[in-house]
file protein17.cif (mmCIF, C-alpha atoms)
data_start
loop_
_atom_site.label_atom_id
_atom_site.label_comp_id
_atom_site.auth_asym_id
_atom_site.auth_seq_id
_atom_site.Cartn_x
_atom_site.Cartn_y
_atom_site.Cartn_z
CA MET A 200 -1.64 -124.46 -37.10
CA GLY A 201 1.83 -125.14 -38.45
CA GLU A 202 5.13 -125.70 -36.69
CA LEU A 203 6.14 -123.02 -34.20
CA LYS A 204 9.56 -121.56 -33.63
CA LEU A 205 9.47 -120.86 -29.93
CA THR A 206 11.52 -118.00 -28.51
CA GLY A 207 10.87 -118.56 -24.84
CA GLY A 208 8.42 -115.68 -24.81
CA LEU A 209 4.75 -115.85 -23.98
CA LYS A 210 2.66 -118.10 -26.22
CA VAL A 211 -0.18 -115.87 -27.45
CA GLY A 212 -3.27 -117.25 -29.16
CA LYS A 213 -4.49 -115.60 -32.37
CA VAL A 214 -7.80 -116.28 -34.12
CA ASN A 215 -7.09 -116.83 -37.82
CA PHE A 216 -9.77 -114.38 -38.99
CA ILE A 217 -9.49 -110.99 -40.65
CA ASN A 218 -11.08 -109.30 -37.63
CA THR A 219 -7.98 -109.91 -35.48
CA LEU A 220 -5.62 -108.17 -37.91
CA PRO A 221 -5.82 -104.72 -36.26
CA ILE A 222 -3.96 -106.28 -33.33
CA PHE A 223 -1.86 -108.96 -35.01
CA TYR A 224 -0.83 -107.19 -38.21
CA PRO A 225 1.28 -104.64 -36.26
CA LEU A 226 2.91 -107.51 -34.33
CA GLU A 227 3.56 -109.76 -37.30
CA SER A 228 4.71 -106.96 -39.63
CA GLY A 229 7.27 -105.67 -37.14
CA ALA A 230 5.52 -102.33 -36.63
CA VAL A 231 5.22 -103.13 -32.92
CA GLN A 232 8.10 -105.04 -31.33
CA HIS A 233 7.38 -108.12 -29.19
CA ASP A 234 8.82 -111.47 -28.16
CA PHE A 235 5.58 -113.47 -28.39
CA ASP A 236 5.23 -116.93 -29.87
CA ILE A 237 1.99 -116.43 -31.82
CA VAL A 238 -0.23 -119.50 -32.19
CA GLY A 239 -3.01 -119.27 -34.79
CA ALA A 240 -6.20 -121.36 -34.66
CA THR A 241 -10.00 -121.20 -34.73
CA PRO A 242 -11.81 -119.73 -31.70
CA ALA A 243 -12.86 -123.19 -30.49
CA ALA A 244 -9.32 -124.54 -30.81
CA LEU A 245 -7.85 -121.57 -28.92
CA ASN A 246 -10.34 -122.16 -26.12
CA ALA A 247 -8.93 -125.67 -25.71
CA LEU A 248 -5.32 -124.50 -25.95
CA LEU A 249 -5.79 -121.91 -23.20
CA ASP A 250 -7.76 -124.32 -21.02
CA SER A 251 -4.99 -126.91 -21.27
CA GLY A 252 -2.19 -124.40 -20.69
CA GLN A 253 -0.66 -124.80 -24.16
CA ILE A 254 -0.84 -121.03 -24.59
CA ASP A 255 -0.34 -118.40 -21.89
CA LEU A 256 -2.95 -115.91 -23.08
CA GLY A 257 -4.98 -115.11 -26.13
CA VAL A 258 -8.23 -114.25 -27.82
CA VAL A 259 -10.86 -116.72 -26.64
CA SER A 260 -14.62 -117.02 -26.95
CA SER A 261 -16.50 -115.04 -24.32
CA ILE A 262 -18.35 -118.18 -23.31
CA GLU A 263 -15.05 -119.98 -22.64
CA TYR A 264 -14.34 -117.38 -19.98
CA GLY A 265 -17.91 -117.72 -18.68
CA ARG A 266 -17.68 -121.49 -18.35
CA ASN A 267 -14.24 -121.51 -16.74
CA PHE A 268 -13.82 -118.09 -15.18
CA GLN A 269 -12.20 -119.61 -12.08
CA LYS A 270 -9.16 -120.46 -14.24
CA TYR A 271 -8.79 -117.12 -15.99
CA LEU A 272 -8.19 -113.40 -15.71
CA LEU A 273 -9.29 -110.91 -18.35
CA LEU A 274 -6.89 -108.43 -19.92
CA PRO A 275 -8.38 -104.95 -19.43
CA ASP A 276 -9.67 -102.92 -22.36
CA LEU A 277 -9.26 -105.64 -25.00
CA SER A 278 -11.99 -107.56 -26.81
CA ILE A 279 -13.55 -108.30 -30.18
CA SER A 280 -16.94 -106.63 -29.96
CA CYS A 281 -19.55 -104.73 -31.89
CA THR A 282 -22.20 -102.14 -31.29
CA SER A 283 -24.98 -103.26 -33.62
CA ARG A 284 -23.72 -104.95 -36.83
CA VAL A 285 -20.75 -107.29 -36.69
CA CYS A 286 -21.02 -108.50 -40.33
CA SER A 287 -19.19 -111.78 -39.70
CA VAL A 288 -21.45 -113.66 -37.27
CA LEU A 289 -24.48 -114.46 -39.35
CA LEU A 290 -27.46 -116.76 -39.49
CA LEU A 291 -27.93 -117.32 -43.21
CA SER A 292 -31.19 -118.88 -44.32
CA THR A 293 -32.88 -119.95 -47.54
CA VAL A 294 -36.30 -119.30 -45.97
CA PRO A 295 -37.87 -116.56 -43.77
CA LEU A 296 -37.10 -116.69 -40.05
CA GLN A 297 -40.48 -118.01 -38.87
CA GLN A 298 -40.23 -120.92 -41.30
CA LEU A 299 -37.20 -122.22 -39.40
CA HIS A 300 -39.44 -123.48 -36.56
CA GLY A 301 -38.83 -127.22 -36.40
CA GLN A 302 -36.19 -127.05 -39.14
CA GLU A 303 -32.52 -127.94 -38.85
CA ILE A 304 -29.88 -125.23 -38.53
CA LEU A 305 -26.27 -126.17 -39.17
CA LEU A 306 -23.90 -124.70 -36.56
CA THR A 307 -20.23 -124.13 -37.17
CA PRO A 308 -17.95 -125.98 -34.74
CA LYS A 309 -15.48 -123.07 -34.92
CA SER A 310 -17.32 -120.89 -32.41
CA HIS A 311 -18.98 -121.47 -29.04
CA THR A 312 -20.11 -117.93 -28.18
CA SER A 313 -22.01 -117.48 -31.44
CA ILE A 314 -23.90 -120.73 -30.93
CA ALA A 315 -24.94 -119.70 -27.42
CA LEU A 316 -26.04 -116.27 -28.65
CA LEU A 317 -28.07 -117.74 -31.52
CA LYS A 318 -29.89 -120.11 -29.17
CA LEU A 319 -30.71 -117.24 -26.79
CA LEU A 320 -32.08 -115.13 -29.62
CA PHE A 321 -34.27 -117.95 -30.93
CA SER A 322 -35.61 -119.05 -27.55
CA ARG A 323 -36.07 -115.68 -25.81
CA ARG A 324 -36.44 -113.07 -28.51
CA PHE A 325 -37.96 -114.81 -31.53
CA GLU A 326 -39.67 -117.74 -29.71
CA ILE A 327 -38.74 -120.13 -32.50
CA THR A 328 -37.61 -123.69 -31.81
CA PRO A 329 -35.44 -125.14 -34.57
CA HIS A 330 -33.24 -128.23 -34.42
CA TYR A 331 -29.53 -127.57 -34.12
CA ARG A 332 -26.70 -129.67 -35.49
CA VAL A 333 -23.04 -128.83 -35.01
CA THR A 334 -21.17 -129.92 -38.11
CA ASP A 335 -18.17 -128.84 -40.11
CA TYR A 336 -20.35 -128.20 -43.14
CA HIS A 337 -18.68 -128.05 -46.53
CA MET A 338 -17.47 -124.61 -47.51
CA ASP A 339 -16.30 -123.95 -51.06
CA GLY A 340 -16.09 -120.21 -51.63
CA SER A 341 -19.63 -118.87 -51.49
CA SER A 342 -21.37 -122.14 -52.44
CA TRP A 343 -24.26 -123.17 -50.21
CA PRO A 344 -23.98 -126.35 -48.09
CA ASP A 345 -26.03 -129.12 -49.72
CA GLY A 346 -29.51 -129.60 -48.29
CA ALA A 347 -29.23 -126.93 -45.58
CA LYS A 348 -32.16 -124.62 -44.78
CA ALA A 349 -29.99 -122.35 -42.62
CA VAL A 350 -26.46 -122.14 -41.28
CA LEU A 351 -24.65 -120.21 -38.58
CA ALA A 352 -21.41 -118.94 -40.09
CA ILE A 353 -18.66 -116.89 -38.46
CA GLY A 354 -15.54 -115.02 -39.42
CA ASP A 355 -14.22 -115.29 -42.94
CA ASP A 356 -16.68 -118.13 -43.70
CA ALA A 357 -19.59 -115.77 -43.03
CA LEU A 358 -18.10 -113.02 -45.18
CA ARG A 359 -17.85 -115.49 -48.07
CA LEU A 360 -21.08 -117.43 -47.64
CA GLN A 361 -23.38 -114.41 -47.33
CA LYS A 362 -22.70 -113.79 -51.03
CA SER A 363 -24.34 -117.09 -52.00
CA PRO A 364 -27.41 -116.66 -54.26
CA ALA A 365 -29.19 -119.26 -52.08
CA VAL A 366 -29.41 -116.81 -49.15
CA ASN A 367 -32.93 -115.47 -48.63
CA LEU A 368 -32.38 -114.01 -45.14
CA THR A 369 -29.34 -112.71 -43.30
CA LEU A 370 -29.56 -112.23 -39.55
CA ASP A 371 -26.58 -110.35 -38.13
CA LEU A 372 -26.32 -111.62 -34.56
CA GLY A 373 -24.56 -108.50 -33.31
CA ALA A 374 -27.34 -106.27 -34.63
CA ALA A 375 -30.04 -108.62 -33.31
CA TRP A 376 -28.51 -108.52 -29.81
CA HIS A 377 -28.18 -104.71 -29.84
CA GLU A 378 -31.77 -104.19 -31.03
CA TRP A 379 -32.94 -106.50 -28.24
CA THR A 380 -30.80 -105.31 -25.30
CA GLU A 381 -29.38 -101.91 -26.41
CA HIS A 382 -25.93 -103.18 -25.38
CA PRO A 383 -22.84 -104.00 -27.44
CA PHE A 384 -21.98 -107.66 -27.79
CA VAL A 385 -18.60 -109.07 -26.82
CA PHE A 386 -17.78 -112.08 -28.97
CA ALA A 387 -14.26 -112.64 -27.71
CA VAL A 388 -12.11 -111.54 -24.79
CA TRP A 389 -8.40 -111.61 -24.04
CA ALA A 390 -7.75 -113.98 -21.16
CA LEU A 391 -4.85 -115.62 -19.37
CA ARG A 392 -4.55 -118.53 -16.99
CA HIS A 393 -4.00 -117.90 -13.28
CA GLY A 394 -0.95 -120.17 -13.53
CA SER A 395 0.62 -117.80 -16.03
CA LEU A 396 0.20 -114.93 -13.56
CA LEU A 397 2.11 -116.90 -10.94
CA ASN A 398 4.94 -117.85 -13.29
CA ARG A 399 5.23 -114.87 -15.64
CA ASP A 400 3.82 -111.89 -13.76
CA GLY A 401 6.18 -109.24 -15.09
CA GLN A 402 5.94 -110.53 -18.65
CA LEU A 403 2.15 -110.43 -18.57
CA HIS A 404 1.88 -106.76 -17.73
CA GLN A 405 4.40 -105.93 -20.44
CA ALA A 406 2.44 -108.17 -22.84
CA HIS A 407 -0.75 -106.31 -22.02
CA ALA A 408 0.93 -102.98 -22.75
CA THR A 409 2.29 -104.36 -26.04
CA LEU A 410 -1.15 -105.60 -27.13
CA LEU A 411 -2.70 -102.22 -26.37
CA GLU A 412 0.06 -100.53 -28.38
CA ALA A 413 -0.56 -102.95 -31.27
CA ARG A 414 -4.32 -102.33 -31.15
CA ASP A 415 -3.89 -98.57 -31.22
CA TYR A 416 -1.41 -98.80 -34.09
CA GLY A 417 -3.70 -101.13 -36.04
CA LEU A 418 -6.77 -98.93 -35.62
CA ASN A 419 -4.75 -95.98 -36.91
CA HIS A 420 -3.63 -97.99 -39.96
CA LEU A 421 -6.81 -99.79 -41.04
CA GLU A 422 -6.36 -98.63 -44.63
CA ASP A 423 -2.92 -100.27 -44.79
CA ILE A 424 -4.32 -103.49 -43.34
CA ALA A 425 -7.24 -103.47 -45.80
CA THR A 426 -4.83 -102.93 -48.70
CA THR A 427 -2.77 -105.93 -47.62
CA VAL A 428 -5.87 -108.13 -47.36
CA GLY A 429 -7.21 -106.91 -50.69
CA GLN A 430 -3.97 -107.84 -52.49
CA CYS A 431 -4.10 -111.52 -51.55
CA SER A 432 -7.72 -112.35 -50.82
CA TRP A 433 -11.24 -112.83 -52.17
CA PHE A 434 -12.12 -109.79 -50.04
CA SER A 435 -11.67 -106.39 -51.70
CA ARG A 436 -9.81 -103.55 -50.01
CA GLN A 437 -12.97 -101.47 -49.63
CA GLU A 438 -15.00 -104.40 -48.28
CA CYS A 439 -12.25 -105.15 -45.78
CA LEU A 440 -12.01 -101.55 -44.62
CA GLN A 441 -15.77 -101.23 -44.13
CA TYR A 442 -15.82 -104.52 -42.24
CA LEU A 443 -12.95 -103.67 -39.90
CA GLN A 444 -14.57 -100.32 -39.11
CA THR A 445 -17.56 -102.18 -37.60
CA ILE A 446 -15.42 -104.16 -35.13
CA GLU A 447 -14.46 -102.69 -31.76
CA TYR A 448 -11.45 -103.79 -29.75
CA ASP A 449 -11.89 -102.19 -26.32
CA LEU A 450 -13.79 -103.44 -23.28
CA ASP A 451 -15.41 -100.31 -21.87
CA SER A 452 -18.11 -100.19 -19.20
CA ASP A 453 -20.98 -100.61 -21.68
CA LYS A 454 -19.36 -103.68 -23.21
CA GLN A 455 -18.77 -105.10 -19.74
CA ALA A 456 -22.47 -104.55 -18.96
CA GLY A 457 -23.42 -106.35 -22.17
CA LEU A 458 -21.10 -109.23 -21.33
CA ARG A 459 -22.55 -109.55 -17.81
CA LEU A 460 -26.07 -109.56 -19.27
CA PHE A 461 -25.12 -112.31 -21.72
CA PHE A 462 -23.67 -114.41 -18.90
CA ASP A 463 -26.74 -113.78 -16.70
CA MET A 464 -29.06 -114.91 -19.51
CA LEU A 465 -27.01 -118.06 -20.02
CA TYR A 466 -27.12 -118.77 -16.28
CA GLU A 467 -30.90 -118.33 -16.24
CA ALA A 468 -31.17 -120.65 -19.25
CA GLY A 469 -29.14 -123.32 -17.45
CA GLU A 470 -26.21 -122.99 -19.87
CA LEU A 471 -23.85 -121.79 -17.12
CA SER A 472 -23.64 -123.38 -13.68
CA ARG A 473 -23.14 -120.12 -11.78
CA ARG A 474 -23.17 -116.37 -12.22
CA VAL A 475 -19.99 -115.06 -13.76
CA PRO A 476 -17.87 -112.20 -12.35
CA LEU A 477 -15.48 -110.26 -14.57
CA ASN A 478 -12.04 -110.73 -12.99
CA PHE A 479 -9.23 -108.68 -14.53
CA LEU A 480 -5.45 -108.80 -14.52
CA PRO A 481 -4.48 -106.40 -11.71
CA VAL A 482 -3.21 -103.05 -12.90
CA VAL A 483 0.39 -102.30 -11.92
CA LYS A 484 0.60 -98.86 -10.33
CA ASP A 485 3.61 -96.67 -11.00
CA LYS A 486 5.89 -96.42 -8.02
#

call {"tool": "encode", "arguments": {"input": "protein17.cif", "output": "structure tokens"}}
result
Amino acid sequence: MGELKLTGGLKVGKVNFINTLPIFYPLESGAVQHDFDIVGATPAALNALLDSGQIDLGVVSSIEYGRNFQKYLLLPDLSISCTSRVCSVLLLSTVPLQQLHGQEILLTPKSHTSIALLKLLFSRRFEITPHYRVTDYHMDGSSWPDGAKAVLAIGDDALRLQKSPAVNLTLDLGAAWHEWTEHPFVFAVWALRHGSLLNRDGQLHQAHATLLEARDYGLNHLEDIATTVGQCSWFSRQECLQYLQTIEYDLDSDKQAGLRLFFDMLYEAGELSRRVPLNFLPVVKDK
């Protein structure tokens, strides 16, 4: 993650994927002023950092909130979600879906929510029983991992690997969920620890307002963000723009319903120990 220069501000967790740029590009470019210490990592690593109190708030896997909701509060109206296609959470296979019964699927260790969603889709929607193995499979551009029948890839890895000539089938997990449930899917939420609320209450509400301002700025400047990515990446400007236009960053009532349904399914499958409420940072009313 690199060495941090701490300012005494809130430590805010950032997923190091292109899909977080509409919020973090405005912050890191200076377009939206803040005093955050931004900590970049994979989704799985950020889950651990928030759980251990090494960051105050950040983007974390939805399932991290579901597993440990007693520790956390959600920031209202912020998420990383999709309605239908997400384009960067993909099951990529060299064989048709039904031929994966009894076969091994490699799962990225970078995401917990995507793994849980994939298992739900296979067990309850497709009624296919593969073998799963979590492994940090070798990624070299768009080259296919040696010997793999299928892999679950997320984020920038998925955007690269889907271009491999070995891919026979691409299952977009966001689209598969929406076709099945007619709800959006919430891959990540913004959460904070209860302890941070006790120690930094005023800062947290200001931080929430700053993040909403950054999100709104970013969504109004997607072309600028895509241009920046296209200048220094394997991802073209047009590809980046089309991709970012599929991601949604709010947490409206329909997304909340989809998130509750996901948690309920995981509870019924024995993956969560109890039903999960959505507890939000209290809104400060104007005096």

call {"tool": "closest_residue", "arguments": {"input": "protein17.cif", "among": "A:Glu303, A:Asp453, A:Asp371, A:Glu438", "to": "Ala349 of chain A", "atoms": "all atoms listed in the file"}}
result
A:Glu303

call {"tool": "closest_residue", "arguments": {"input": "protein17.cif", "among": "A:Gly394, A:Pro308, A:Gly401, A:Gly208", "to": "Arg332 of chain A", "atoms": "only C-alpha atoms"}}
result
A:Pro308

call {"tool": "closest_residue", "arguments": {"input": "protein17.cif", "among": "A:Arg474, A:His233, A:Lys454, A:Lys210", "to": "Ala387 of chain A", "atoms": "all atoms listed in the file"}}
result
A:Lys454

call {"tool": "closest_atom_pairs", "arguments": {"input": "protein17.cif", "of": "segment 392-461 of chain A", "to": "segment 250-261 of chain A", "cutoff": "10 Å", "atoms": "all atoms listed in the file", "output": "JSON lines"}}
result
{"residue": "A:Arg392", "atom": "CA", "partner": "A:Asp255", "partner_atom": "CA", "distance": 6.5}
{"residue": "A:His393", "atom": "CA", "partner": "A:Asp255", "partner_atom": "CA", "distance": 9.4}
{"residue": "A:Gly394", "atom": "CA", "partner": "A:Gly252", "partner_atom": "CA", "distance": 8.4}
{"residue": "A:Ser395", "atom": "CA", "partner": "A:Asp255", "partner_atom": "CA", "distance": 6.0}
{"residue": "A:Leu396", "atom": "CA", "partner": "A:Asp255", "partner_atom": "CA", "distance": 9.0}
{"residue": "A:Arg399", "atom": "CA", "partner": "A:Asp255", "partner_atom": "CA", "distance": 9.1}
{"residue": "A:Leu403", "atom": "CA", "partner": "A:Leu256", "partner_atom": "CA", "distance": 8.7}
{"residue": "A:Ala406", "atom": "CA", "partner": "A:Leu256", "partner_atom": "CA", "distance": 9.4}
{"residue": "A:His407", "atom": "CA", "partner": "A:Leu256", "partner_atom": "CA", "distance": 9.9}
{"residue": "A:Leu458", "atom": "CA", "partner": "A:Ser261", "partner_atom": "CA", "distance": 8.0}
{"residue": "A:Phe461", "atom": "CA", "partner": "A:Ser261", "partner_atom": "CA", "distance": 9.4}

call {"tool": "closest_residue", "arguments": {"input": "protein17.cif", "among": "A:Leu226, A:Leu372, A:Val366, A:Ala243", "to": "Leu289 of chain A", "atoms": "all atoms listed in the file"}}
result
A:Leu372

call {"tool": "residues_near_point", "arguments": {"input": "protein17.cif", "point": "(-12.6, -105.9, -22.8)", "cutoff": "8 Å", "atoms": "only C-alpha atoms", "output": "PyMOL selection string"}}
result
chain A and resi 273-279+385+388-389+448-451+454-455

call {"tool": "resolve_selection", "arguments": {"input": "protein17.cif", "expression": "the PyMOL selection byres ((chain A and resi 304) around 12)", "output": "ChimeraX atom specification"}}
result
/A:290-294,296,298-303,305-307,314,317-318,321,327-334,336,344,346-352

call {"tool": "closest_residue", "arguments": {"input": "protein17.cif", "among": "A:His382, A:Lys362, A:Arg266, A:His311", "to": "Leu460 of chain A", "atoms": "all atoms listed in the file"}}
result
A:His382

call {"tool": "closest_residue", "arguments": {"input": "protein17.cif", "among": "A:Thr427, A:Thr241, A:Asn419, A:Glu263", "to": "Val475 of chain A", "atoms": "all atoms listed in the file"}}
result
A:Glu263

call {"tool": "atom_distance", "arguments": {"input": "protein17.cif", "atom1": "atom CA of Ala425 of chain A", "atom2": "atom CA of Tyr224 of chain A"}}
result
10.6 Å

call {"tool": "resolve_selection", "arguments": {"input": "protein17.cif", "expression": "the PyMOL selection byres ((chain A and resi 410) around 9)", "output": "PyMOL selection string"}}
result
chain A and resi 222-223+226+231+277+405-409+411-415

call {"tool": "resolve_selection", "arguments": {"input": "protein17.cif", "expression": "the PyMOL selection byres ((chain A and resi 281) around 9)", "output": "JSON, numbers by chain"}}
result
{"A": [279, 280, 282, 283, 284, 285, 373, 374, 377, 383, 384, 385, 386, 445, 446, 447, 448, 454]}

call {"tool": "atom_distance", "arguments": {"input": "protein17.cif", "atom1": "atom CA of Glu381 of chain A", "atom2": "atom CA of Gln441 of chain A"}}
result
22.4 Å

call {"tool": "atom_distance", "arguments": {"input": "protein17.cif", "atom1": "atom CA of Ser310 of chain A", "atom2": "atom CA of Trp433 of chain A"}}
result
22.2 Å

call {"tool": "residues_around", "arguments": {"input": "protein17.cif", "residues": "Ile262 of chain A", "least_positions_apart": "5", "cutoff": "8 Å", "atoms": "all atoms listed in the file", "output": "VMD selection string"}}
result
chain A and resid 311 to 312 315 462
